[in-house]
Amino acid sequence: MAMVRVAPVRVQVRTDWLNGAPREITWGDEKLPVTRLVAVRDEQRAYPAITGPRTLYEVDTPSFRLALTYQHRSRRWTISGLEDVARAA
């Protein structure tokens, strides 16, 4: 099953100090530790002019695989897709 795209949900993300990779996601009252960084797509050179540069991360947490987007211009993190880990494996 493929990742389900959702309307972007704003979240708080703690990142690694050296490389900026996500380490923990706070979504409402729930804190999700990132167990694995699956993929990174850097769109700092080619991006839609209306949204500005962004970096897309696909990460695993204990319960979900999430598609995270960091928008550099507004410095915001959003979740743009998710999938159950049981289905992703």
# chains A, B, ... in the order shown; residues from 1 in each chain; ligands from 1

$ residues_around --residues "Glu58 in chain A" --least-positions-apart "2" --cutoff "8 Å" --atoms "only C-alpha atoms" --output "PyMOL selection string"
chain A and resi 37-40+56+60+65-68

$ write_last_selection --atoms "all heavy atoms" --output "short mmCIF file (atom, residue, chain, number, x, y, z; two decimals), in the first residue's frame"
data_model
loop_
_atom_site.label_atom_id
_atom_site.label_comp_id
_atom_site.auth_asym_id
_atom_site.auth_seq_id
_atom_site.Cartn_x
_atom_site.Cartn_y
_atom_site.Cartn_z
N LEU A 37 15.57 7.31 9.27
CA LEU A 37 15.43 8.26 8.17
C LEU A 37 15.44 7.45 6.88
O LEU A 37 16.46 6.85 6.54
CB LEU A 37 16.56 9.28 8.20
CG LEU A 37 16.54 10.38 7.16
CD1 LEU A 37 15.30 11.25 7.32
CD2 LEU A 37 17.78 11.23 7.28
N VAL A 38 14.32 7.40 6.19
CA VAL A 38 14.18 6.55 5.00
C VAL A 38 14.69 7.25 3.75
O VAL A 38 15.45 6.66 2.97
CB VAL A 38 12.71 6.12 4.81
CG1 VAL A 38 12.55 5.27 3.56
CG2 VAL A 38 12.21 5.38 6.04
N ALA A 39 14.29 8.51 3.55
CA ALA A 39 14.68 9.23 2.34
C ALA A 39 14.68 10.73 2.59
O ALA A 39 13.96 11.23 3.44
CB ALA A 39 13.72 8.90 1.20
N VAL A 40 15.50 11.43 1.81
CA VAL A 40 15.58 12.89 1.86
C VAL A 40 15.53 13.41 0.43
O VAL A 40 16.25 12.91 -0.44
CB VAL A 40 16.88 13.38 2.54
CG1 VAL A 40 16.94 14.90 2.53
CG2 VAL A 40 17.00 12.84 3.94
N LEU A 56 12.12 17.57 1.81
CA LEU A 56 11.15 16.53 2.14
C LEU A 56 11.87 15.36 2.78
O LEU A 56 12.87 14.88 2.25
CB LEU A 56 10.43 16.06 0.87
CG LEU A 56 9.78 17.16 0.03
CD1 LEU A 56 9.36 16.62 -1.32
CD2 LEU A 56 8.60 17.74 0.75
N ASP A 60 10.58 6.93 9.64
CA ASP A 60 9.83 5.91 10.37
C ASP A 60 9.77 6.29 11.83
O ASP A 60 10.75 6.78 12.40
CB ASP A 60 10.52 4.55 10.25
CG ASP A 60 10.25 3.87 8.92
OD1 ASP A 60 9.31 4.28 8.22
OD2 ASP A 60 10.98 2.92 8.59
N ARG A 65 4.93 5.64 9.26
CA ARG A 65 5.94 6.19 8.35
C ARG A 65 5.35 7.52 7.90
O ARG A 65 4.22 7.58 7.42
CB ARG A 65 6.19 5.29 7.15
CG ARG A 65 7.17 5.93 6.17
CD ARG A 65 7.58 5.00 5.09
NE ARG A 65 8.54 4.06 5.65
CZ ARG A 65 9.12 3.09 4.97
NH1 ARG A 65 8.83 2.91 3.70
NH2 ARG A 65 9.99 2.29 5.54
N LEU A 66 6.10 8.60 8.07
CA LEU A 66 5.60 9.94 7.79
C LEU A 66 6.40 10.62 6.69
O LEU A 66 7.61 10.43 6.57
CB LEU A 66 5.70 10.81 9.05
CG LEU A 66 4.91 10.34 10.27
CD1 LEU A 66 5.31 11.16 11.48
CD2 LEU A 66 3.44 10.44 10.02
N ALA A 67 5.71 11.44 5.90
CA ALA A 67 6.36 12.32 4.94
C ALA A 67 6.35 13.71 5.56
O ALA A 67 5.29 14.32 5.72
CB ALA A 67 5.61 12.31 3.61
N LEU A 68 7.51 14.19 5.97
CA LEU A 68 7.66 15.51 6.59
C LEU A 68 8.19 16.50 5.57
O LEU A 68 9.06 16.16 4.77
CB LEU A 68 8.64 15.46 7.75
CG LEU A 68 8.25 14.71 9.00
CD1 LEU A 68 9.44 14.63 9.93
CD2 LEU A 68 7.11 15.41 9.68
#

$ select_by_dssp --residues "chain A" --states "strand (DSSP E or B)" --output "number ranges by chain"
A: 4-15, 22-27, 30-33, 36-43, 54-60, 64-71, 76-84

$ closest_residue --among "A:Lys31, A:Arg76, A:Arg23, A:Arg36" --to "Val9 in chain A" --atoms "only C-alpha atoms"
A:Arg76

$ residues_around --residues "Glu24 in chain A" --least-positions-apart "6" --cutoff "9 Å" --atoms "only C-alpha atoms" --output "list of chain:residue names"
A:Gln12, A:Val13, A:Arg14, A:Thr15, A:Lys31, A:Leu32, A:Pro33, A:Val34, A:Thr35, A:Thr61

$ write_last_selection --atoms "N, CA and C atoms" --output "compact mmCIF listing (two decimals), in the first residue's frame"
# COMPACT_ATOMS: atom_id res chain seq x y z
N GLN A 12 5.62 20.13 15.46
CA GLN A 12 6.91 20.59 15.96
C GLN A 12 7.89 19.44 15.82
N VAL A 13 9.09 19.76 15.36
CA VAL A 13 10.10 18.73 15.12
C VAL A 13 11.41 19.12 15.79
N ARG A 14 11.98 18.18 16.54
CA ARG A 14 13.33 18.36 17.09
C ARG A 14 14.29 17.72 16.10
N THR A 15 15.36 18.42 15.80
CA THR A 15 16.30 17.95 14.78
C THR A 15 17.68 17.68 15.37
N LYS A 31 4.20 12.47 21.26
CA LYS A 31 5.59 12.63 20.86
C LYS A 31 6.04 11.33 20.19
N LEU A 32 6.51 11.45 18.95
CA LEU A 32 6.93 10.29 18.18
C LEU A 32 8.43 10.36 17.93
N PRO A 33 9.21 9.43 18.50
CA PRO A 33 10.64 9.43 18.19
C PRO A 33 10.87 8.89 16.78
N VAL A 34 11.80 9.47 16.07
CA VAL A 34 12.14 9.00 14.72
C VAL A 34 13.11 7.84 14.87
N THR A 35 12.71 6.68 14.35
CA THR A 35 13.55 5.49 14.46
C THR A 35 14.47 5.31 13.26
N THR A 61 8.60 6.08 12.43
CA THR A 61 8.41 6.21 13.87
C THR A 61 7.88 4.86 14.35

$ closest_residue --among "A:Ile25, A:Ala46, A:Ile79, A:Val85" --to "Pro8 in chain A" --atoms "only C-alpha atoms"
A:Ile79

$ residues_around --residues "Ala7 in chain A" --least-positions-apart "3" --cutoff "10 Å" --atoms "only C-alpha atoms" --output "list in words"
Arg10, Thr78, Ile79, Ser80 and Gly81 of chain A

$ closest_residue --among "A:Glu30, A:Glu83, A:Arg45, A:Pro22" --to "Tyr70 in chain A" --atoms "only C-alpha atoms"
A:Pro22

$ closest_residue --among "A:Asp84, A:Leu18, A:Arg5, A:Gly28" --to "Pro62 in chain A" --atoms "only C-alpha atoms"
A:Asp84

$ atom_distance --atom1 "CA of Ile50 in chain A" --atom2 "CA of Thr26 in chain A"
26.8 Å

$ atom_distance --atom1 "CA of Trp27 in chain A" --atom2 "CA of Val11 in chain A"
5.3 Å

$ select_by_dssp --residues "chain A" --states "helix (DSSP H, G or I)" --output "number ranges by chain"
A: 85-88
